[in-house]
Every structure is written in C-alpha cells, then in structure tokens.
$ cat protein-v6.cif   # mmCIF, C-alpha atoms
data_final
loop_
_atom_site.label_atom_id
_atom_site.label_comp_id
_atom_site.auth_asym_id
_atom_site.auth_seq_id
_atom_site.Cartn_x
_atom_site.Cartn_y
_atom_site.Cartn_z
CA MET B 3 0.00 0.00 0.00
CA ARG B 4 1.32 3.45 -0.88
CA ASN B 5 1.43 6.17 1.78
CA SER B 6 0.89 3.56 4.44
CA GLU B 7 1.93 3.19 8.04
CA ARG B 8 2.63 -0.02 9.94
CA TYR B 9 1.67 -0.72 13.52
CA SER B 10 2.32 -3.64 15.82
CA PHE B 11 -0.42 -5.65 17.49
CA ILE B 12 -0.60 -4.97 21.23
CA SER B 13 -0.83 -7.60 23.94
CA SER B 14 -3.76 -7.19 26.29
CA GLY B 15 -2.11 -9.37 28.94
CA ALA B 16 0.55 -12.01 29.18
CA ALA B 17 -1.78 -14.71 30.51
CA LEU B 18 -2.96 -15.85 27.09
CA GLY B 19 0.38 -15.45 25.32
CA GLU B 20 0.04 -15.37 21.56
CA ALA B 21 -3.76 -15.18 21.79
CA SER B 22 -3.65 -11.91 23.73
CA PHE B 23 -2.46 -9.74 20.84
CA ARG B 24 -5.03 -7.31 19.40
CA PRO B 25 -4.93 -4.87 16.46
CA PHE B 26 -5.09 -1.61 18.41
CA LEU B 27 -4.46 1.61 16.52
CA PRO B 28 -3.26 4.76 18.29
CA LEU B 29 -5.25 7.84 17.30
CA THR B 30 -6.12 11.29 18.60
CA LEU B 31 -9.74 12.42 18.82
CA VAL B 32 -10.54 16.13 18.76
CA HIS B 33 -13.76 17.89 19.67
CA GLN B 34 -13.72 21.68 19.95
CA GLN B 35 -10.90 22.51 22.37
CA ALA B 36 -10.55 19.01 23.80
CA SER B 37 -8.37 16.21 22.48
CA VAL B 38 -7.90 12.66 23.69
CA THR B 39 -5.23 10.19 22.64
CA ALA B 40 -6.58 6.67 22.63
CA SER B 41 -6.11 3.19 21.19
CA GLY B 42 -8.89 1.97 18.93
CA LEU B 43 -9.56 -1.72 18.38
CA LEU B 44 -9.71 -2.40 14.65
CA ASP B 45 -12.82 -4.56 14.52
CA THR B 46 -13.88 -5.58 11.03
CA GLY B 47 -16.89 -7.41 12.49
CA ALA B 48 -18.28 -4.26 14.10
CA SER B 49 -20.91 -2.43 12.06
CA VAL B 50 -20.09 0.90 13.70
CA ASN B 51 -17.43 2.80 15.62
CA VAL B 52 -18.00 2.77 19.37
CA LEU B 53 -16.89 5.49 21.80
CA PRO B 54 -16.73 4.45 25.48
CA TYR B 55 -18.68 6.74 27.78
CA LEU B 56 -15.71 8.19 29.66
CA VAL B 57 -13.79 9.05 26.49
CA GLY B 58 -16.82 11.00 25.28
CA VAL B 59 -16.95 12.87 28.57
CA GLU B 60 -13.23 13.61 28.31
CA LEU B 61 -13.88 15.08 24.86
CA GLY B 62 -16.42 17.43 26.41
CA TYR B 63 -19.61 15.87 25.09
CA ASN B 64 -22.77 16.34 27.12
CA TRP B 65 -25.02 13.28 27.01
CA GLU B 66 -28.25 15.28 27.12
CA GLN B 67 -27.20 17.43 24.17
CA GLN B 68 -26.70 14.44 21.87
CA THR B 69 -30.20 13.89 20.61
CA THR B 70 -29.81 11.08 18.07
CA ALA B 71 -30.30 7.80 19.92
CA LEU B 72 -29.11 4.43 18.67
CA SER B 73 -29.83 0.79 19.37
CA LEU B 74 -26.69 -1.31 19.31
CA THR B 75 -26.40 -5.10 19.17
CA GLY B 76 -24.58 -7.79 21.14
CA ASN B 77 -23.25 -6.97 24.61
CA LEU B 78 -23.77 -3.26 23.88
CA ALA B 79 -27.52 -3.64 23.34
CA GLN B 80 -28.13 -3.21 27.07
CA TYR B 81 -26.65 0.31 27.07
CA GLU B 82 -28.08 3.52 25.64
CA ALA B 83 -26.08 5.05 22.82
CA ARG B 84 -26.04 8.44 21.06
CA VAL B 85 -24.37 9.65 17.86
CA VAL B 86 -21.33 11.95 17.97
CA VAL B 87 -19.08 13.11 15.13
CA VAL B 88 -15.42 13.51 16.06
CA GLN B 89 -12.33 14.74 14.22
CA ALA B 90 -9.70 12.00 14.25
CA LEU B 91 -5.97 12.09 13.61
CA VAL B 92 -4.26 8.84 12.64
CA GLY B 93 -0.48 8.86 12.27
CA GLN B 94 0.69 11.42 9.73
CA PHE B 95 -2.50 11.22 7.66
CA GLU B 96 -4.94 14.05 7.04
CA PRO B 97 -7.62 14.42 9.75
CA VAL B 98 -10.91 12.64 9.07
CA LYS B 99 -14.39 12.87 10.54
CA LEU B 100 -15.37 9.70 12.38
CA VAL B 101 -18.92 9.07 13.51
CA PHE B 102 -19.24 7.15 16.77
CA ALA B 103 -21.95 5.40 18.71
CA TRP B 104 -21.25 6.97 22.10
CA THR B 105 -22.28 4.27 24.55
CA GLN B 106 -22.97 4.53 28.25
CA ALA B 107 -20.83 1.40 28.70
CA LYS B 108 -17.61 2.21 30.51
CA ASN B 109 -15.68 -1.04 30.21
CA VAL B 110 -15.90 -1.36 26.44
CA PRO B 111 -12.86 -0.72 24.23
CA LEU B 112 -12.91 2.12 21.74
CA ILE B 113 -13.99 0.20 18.63
CA LEU B 114 -13.21 1.19 15.06
CA GLY B 115 -15.78 -0.49 12.79
CA GLN B 116 -17.21 -0.50 9.29
CA VAL B 117 -19.12 2.81 9.69
CA ASN B 118 -17.14 4.71 9.17
CA PHE B 119 -13.53 3.88 10.05
CA PHE B 120 -13.16 1.21 7.37
CA MET B 121 -14.86 3.55 4.89
CA GLU B 122 -12.03 6.04 5.45
CA PHE B 123 -9.01 3.75 5.73
CA ASN B 124 -7.73 0.62 4.03
CA VAL B 125 -6.21 -1.81 6.48
CA CYS B 126 -4.18 -4.94 5.86
CA PHE B 127 -3.66 -7.35 8.74
CA TYR B 128 -0.54 -9.50 9.03
CA ARG B 129 -1.56 -11.46 12.11
CA SER B 130 1.23 -14.01 11.74
CA GLN B 131 3.71 -11.12 12.01
CA LEU B 132 1.62 -9.23 14.62
CA GLN B 133 1.58 -6.23 12.30
CA LEU B 134 -1.02 -4.18 10.45
CA GLU B 135 -0.72 -1.67 7.65
CA ILE B 136 -3.05 1.26 7.14
CA SER B 137 -3.52 3.89 4.44
CA PRO B 138 -6.20 6.50 3.74
CA LYS B 139 -8.81 5.64 1.13
CA ALA B 140 -8.02 8.59 -1.16
CA ILE B 141 -4.57 7.29 -2.00
CA VAL B 142 -5.85 3.93 -3.21
CA SER B 143 -8.56 5.44 -5.41
CA GLU B 144 -6.02 7.49 -7.39
CA MET T 20 15.96 -20.85 12.32
CA VAL T 21 16.19 -24.50 11.35
CA SER T 22 19.86 -25.36 10.96
CA PRO T 23 21.20 -27.50 8.09
CA GLU T 24 22.62 -29.85 10.72
CA LEU T 25 19.13 -30.46 12.15
CA ILE T 26 17.70 -31.17 8.70
CA SER T 27 20.56 -33.51 7.99
CA THR T 28 20.01 -35.33 11.30
CA LEU T 29 16.27 -35.67 10.62
CA GLN T 30 16.89 -36.96 7.13
CA GLY T 31 19.21 -39.58 8.57
CA LEU T 32 16.48 -41.05 10.78
CA SER T 33 14.72 -44.28 9.97
CA ARG T 34 11.15 -44.26 8.61
CA GLU T 35 9.71 -45.10 12.06
CA GLU T 36 11.77 -42.41 13.76
CA LYS T 37 10.61 -39.80 11.23
CA PHE T 38 6.96 -40.70 11.88
CA TYR T 39 7.59 -40.45 15.62
CA VAL T 40 9.14 -36.96 15.28
CA MET T 41 6.17 -35.87 13.14
CA GLN T 42 3.69 -37.11 15.74
CA VAL T 43 5.52 -35.29 18.55
CA LEU T 44 5.55 -32.01 16.60
CA ILE T 45 1.91 -32.25 15.47
CA SER T 46 0.60 -33.06 18.94
CA GLY T 47 2.65 -30.15 20.35
CA LEU T 48 1.14 -27.77 17.78
CA ALA T 49 -2.38 -29.03 18.50
CA GLN T 50 -1.84 -28.50 22.23
CA GLN T 51 -0.72 -24.90 21.64
CA GLU T 52 -3.88 -24.21 19.62
CA THR T 53 -6.20 -25.46 22.35
CA ASN T 54 -4.30 -23.42 24.96
CA LEU T 55 -5.26 -20.16 23.23
CA ILE T 56 -8.72 -20.16 24.78
CA LYS T 57 -8.98 -21.43 28.36
CA PRO T 58 -12.03 -23.26 29.71
CA ASP T 59 -14.21 -21.70 32.42
CA GLN T 60 -13.23 -18.14 31.51
CA SER T 61 -15.48 -15.54 29.95
CA TYR T 62 -14.37 -13.53 26.96
CA PRO T 63 -16.71 -10.58 26.34
CA VAL T 64 -17.50 -9.83 22.72
CA TRP T 65 -18.24 -6.14 22.38
CA SER T 66 -18.58 -6.03 18.59
CA PRO T 67 -21.87 -4.42 17.58
CA TYR T 68 -22.23 -7.00 14.81
CA ASP T 69 -25.06 -6.46 12.33
CA ALA T 70 -26.14 -3.12 13.87
CA VAL T 71 -27.39 -2.05 10.46
CA GLU T 72 -30.01 0.45 11.61
CA ALA T 73 -27.51 2.20 13.89
CA ALA T 74 -24.98 2.31 11.04
CA ASP T 75 -27.56 3.86 8.71
CA THR T 76 -28.51 6.52 11.27
CA MET T 77 -24.86 7.35 11.91
CA LEU T 78 -24.09 7.76 8.22
CA LYS T 79 -26.96 10.23 7.91
CA VAL T 80 -25.70 12.26 10.88
CA LEU T 81 -22.18 12.20 9.44
CA GLN T 82 -23.41 13.42 6.07
CA ALA T 83 -25.35 16.22 7.74
CA ALA T 84 -22.21 17.26 9.66
CA LYS T 85 -20.17 17.30 6.43
CA ASN T 86 -22.85 19.34 4.65
CA GLN T 87 -22.84 21.83 7.52
CA ASP T 88 -19.07 22.22 7.15
CA HIS T 89 -19.41 22.98 3.44
CA ALA T 90 -22.30 25.42 3.89
#

$ encode --input "protein-v6.cif" --output "structure tokens"
Amino acid sequence: MRNSERYSFISSGAALGEASFRPFLPLTLVHQQASVTASGLLDTGASVNVLPYLVGVELGYNWEQQTTALSLTGNLAQYEARVVVVQALVGQFEPVKLVFAWTQAKNVPLILGQVNFFMEFNVCFYRSQLQLEISPKAIVSE
Amino acid sequence: MVSPELISTLQGLSREEKFYVMQVLISGLAQQETNLIKPDQSYPVWSPYDAVEAADTMLKVLQAAKNQDHA
C-alpha cells in the first residue's frame, strides 16, 4: 500500500500469550478545544465505531445534548447510545471525521468499525507477524 | 531458524523415527492451539455486529455534519 503506516499488534495481557495480541491503533480524537489520545480496536466485524462513555466525557460531550439515539447489538444492546461526530488524527495522515456510537458502557474498548472507520481507511492485517498496515482511502482510489 | 545440521540429522532417521518426530511435533502444535482459549473463563465480545439500523442513522448524521461544514 502506498502512503501507508505499519503498527504492531498490542498484547492485552501475558496470561494468554500469543492469543492476547489485538490490532489496536493509536489515534487522537478532537472535539472543539478538547483532544484525547486513545487506542482503537480495529474490529472488522463491528458495524459501527463505538466510543466508550468516559472518552466522550473527556472530549467534552454532554449526554443530554446528543439527541440522536441508537440501538446497538450484542453486549452493547443493554446500554443507551447516542451519535457523535469527532475529528480523528491517525499517524501522519490528514484528519478525518469519524462518527461514533457513544455508549454509556464504561468497560468497552474504543472500537473502530465499518461505519465509518473502514470507509475512510484501508487496512491490511498480518496477524502471523503481529503487524497491520493502514492507508487513507483517497490514495488507493487514485 | 532450522539449521542445516538439524535437517541432515532428521533426514538420517529411519522411517519409524521420522513418523515419531512428526507425531511429537503435530501433537505439540495441536496442544498450543487449544491453549489459546482457556475453559471456564469468559471472553466478552463487544462487537456491535449487524447493527445495520444504527450504522444507517450514523451515516446520515455524518453526512449532515459534512454538509454543515461545506455550507
């Protein structure tokens, strides 16, 4: 991939050894004057991006002011969720707008899913090497 | 790395010994695979899989935000 960056998988704990490695991507989220540096789990099986409650609070979002409600699936179905649109910086790439389901769940990872992270970036996983490669969509469509 | 000496040693084994080495290696690999997920532990799956309606709503909100930026 041209104009790509490589990242290493990150271990979530030594207990499971090889099985503990996850494709987490460091990124910075910006909303108005607030910015948060976080690690997003690249989850190709997730329909949507998910923002944990406390990260949304750290970005300065007010729950009551986010009026578009969502119903999520799986373990997240039990929590209320609202839509927020956040500016995201990944590596040296141009900033992109990411839309998140801001959930009231606090113990969920920040999830990067099909809408709209994988609509903005092309990602190639090299699990056997514990590496991933990412590039913005615009470069590939040239 | 597998050394040439090791390959040479393996190739020098009898047919029975080669089968035995293969069995040892294959059972070791199979054991490693089953160790990846431990019994009696819970592994939460947070993926909002098939949340199609939520995805559709979010795309509409995103488009509205982009339109607002261009206005």

$ atom_distance --input "protein-v6.cif" --atom1 "atom CA of B:Pro97" --atom2 "atom CA of B:Pro25"
20.6 Å

$ closest_residue --input "protein-v6.cif" --among "B:Val117, B:Leu44, B:Leu53, B:Val92" --to "T:Ala74" --atoms "only C-alpha atoms"
B:Val117

$ interface_residues --input "protein-v6.cif" --of "chain T" --to "chain B" --cutoff "8 Å" --atoms "all atoms listed in the file" --output "list in words"
Asn54, Leu55, Ile56, Pro63, Val64, Trp65, Ser66, Pro67, Tyr68, Asp69, Ala70, Val71, Glu72, Ala73, Ala74, Thr76, Met77, Leu78, Val80, Leu81 and Ala84 of chain T

$ closest_residue --input "protein-v6.cif" --among "B:Asn64, B:Gln133, B:Gln89, B:Ser14" --to "B:Val38" --atoms "all atoms listed in the file"
B:Gln89

$ closest_residue --input "protein-v6.cif" --among "B:Phe95, B:Ser130, B:Ser41, B:Lys108" --to "B:Asn5" --atoms "all atoms listed in the file"
B:Phe95

$ residues_near_point --input "protein-v6.cif" --point "(-6.3, 15.0, 23.9)" --cutoff "12 Å" --atoms "only C-alpha atoms" --output "MDAnalysis selection string"
chainID B and resid 29:40 57:62 89:91

$ closest_residue --input "protein-v6.cif" --among "B:Pro138, B:Pro28, B:Cys126, B:Ala107" --to "B:Gln80" --atoms "all atoms listed in the file"
B:Ala107

$ closest_residue --input "protein-v6.cif" --among "B:Tyr81, B:Gly15, B:Asn124, B:Gln106" --to "B:Trp65" --atoms "only C-alpha atoms"
B:Gln106

$ atom_distance --input "protein-v6.cif" --atom1 "atom CA of B:Phe26" --atom2 "atom CA of B:Phe123"
14.3 Å

$ atom_distance --input "protein-v6.cif" --atom1 "atom CA of T:Arg34" --atom2 "atom CA of T:Ser46"
18.5 Å

$ build_atoms --input "protein-v6.cif" --residues "stretch 34-48 of chain B" --atoms "N, CA and C atoms" --output "PDB file, in the coordinates of the input"
ATOM      1  N   GLN B  34     -13.891  20.297  19.488  1.00  0.00           N
ATOM      2  CA  GLN B  34     -13.720  21.680  19.950  1.00  0.00           C
ATOM      3  C   GLN B  34     -12.324  21.860  20.546  1.00  0.00           C
ATOM      4  N   GLN B  35     -12.229  22.248  21.805  1.00  0.00           N
ATOM      5  CA  GLN B  35     -10.900  22.510  22.370  1.00  0.00           C
ATOM      6  C   GLN B  35     -10.279  21.265  23.018  1.00  0.00           C
ATOM      7  N   ALA B  36     -11.033  20.193  23.087  1.00  0.00           N
ATOM      8  CA  ALA B  36     -10.550  19.010  23.800  1.00  0.00           C
ATOM      9  C   ALA B  36      -9.950  17.990  22.833  1.00  0.00           C
ATOM     10  N   SER B  37      -8.901  17.322  23.279  1.00  0.00           N
ATOM     11  CA  SER B  37      -8.370  16.210  22.480  1.00  0.00           C
ATOM     12  C   SER B  37      -7.996  15.065  23.408  1.00  0.00           C
ATOM     13  N   VAL B  38      -8.179  13.863  22.906  1.00  0.00           N
ATOM     14  CA  VAL B  38      -7.900  12.660  23.690  1.00  0.00           C
ATOM     15  C   VAL B  38      -7.092  11.707  22.808  1.00  0.00           C
ATOM     16  N   THR B  39      -6.002  11.208  23.351  1.00  0.00           N
ATOM     17  CA  THR B  39      -5.230  10.190  22.640  1.00  0.00           C
ATOM     18  C   THR B  39      -5.678   8.826  23.155  1.00  0.00           C
ATOM     19  N   ALA B  40      -6.016   7.953  22.227  1.00  0.00           N
ATOM     20  CA  ALA B  40      -6.580   6.670  22.630  1.00  0.00           C
ATOM     21  C   ALA B  40      -6.073   5.562  21.702  1.00  0.00           C
ATOM     22  N   SER B  41      -6.404   4.330  22.059  1.00  0.00           N
ATOM     23  CA  SER B  41      -6.110   3.190  21.190  1.00  0.00           C
ATOM     24  C   SER B  41      -7.440   2.589  20.749  1.00  0.00           C
ATOM     25  N   GLY B  42      -7.641   2.519  19.458  1.00  0.00           N
ATOM     26  CA  GLY B  42      -8.890   1.970  18.930  1.00  0.00           C
ATOM     27  C   GLY B  42      -8.679   0.533  18.469  1.00  0.00           C
ATOM     28  N   LEU B  43      -9.621  -0.323  18.815  1.00  0.00           N
ATOM     29  CA  LEU B  43      -9.560  -1.720  18.380  1.00  0.00           C
ATOM     30  C   LEU B  43     -10.106  -1.808  16.960  1.00  0.00           C
ATOM     31  N   LEU B  44      -9.271  -2.248  16.034  1.00  0.00           N
ATOM     32  CA  LEU B  44      -9.710  -2.400  14.650  1.00  0.00           C
ATOM     33  C   LEU B  44     -10.565  -3.660  14.561  1.00  0.00           C
ATOM     34  N   ASP B  45     -11.877  -3.458  14.413  1.00  0.00           N
ATOM     35  CA  ASP B  45     -12.820  -4.560  14.520  1.00  0.00           C
ATOM     36  C   ASP B  45     -13.636  -4.654  13.241  1.00  0.00           C
ATOM     37  N   THR B  46     -13.194  -5.501  12.321  1.00  0.00           N
ATOM     38  CA  THR B  46     -13.880  -5.580  11.030  1.00  0.00           C
ATOM     39  C   THR B  46     -15.286  -6.174  11.163  1.00  0.00           C
ATOM     40  N   GLY B  47     -15.563  -6.837  12.282  1.00  0.00           N
ATOM     41  CA  GLY B  47     -16.890  -7.410  12.490  1.00  0.00           C
ATOM     42  C   GLY B  47     -17.872  -6.431  13.104  1.00  0.00           C
ATOM     43  N   ALA B  48     -17.403  -5.251  13.493  1.00  0.00           N
ATOM     44  CA  ALA B  48     -18.280  -4.260  14.100  1.00  0.00           C
ATOM     45  C   ALA B  48     -18.925  -3.406  13.007  1.00  0.00           C
TER      46      ALA B  48
END
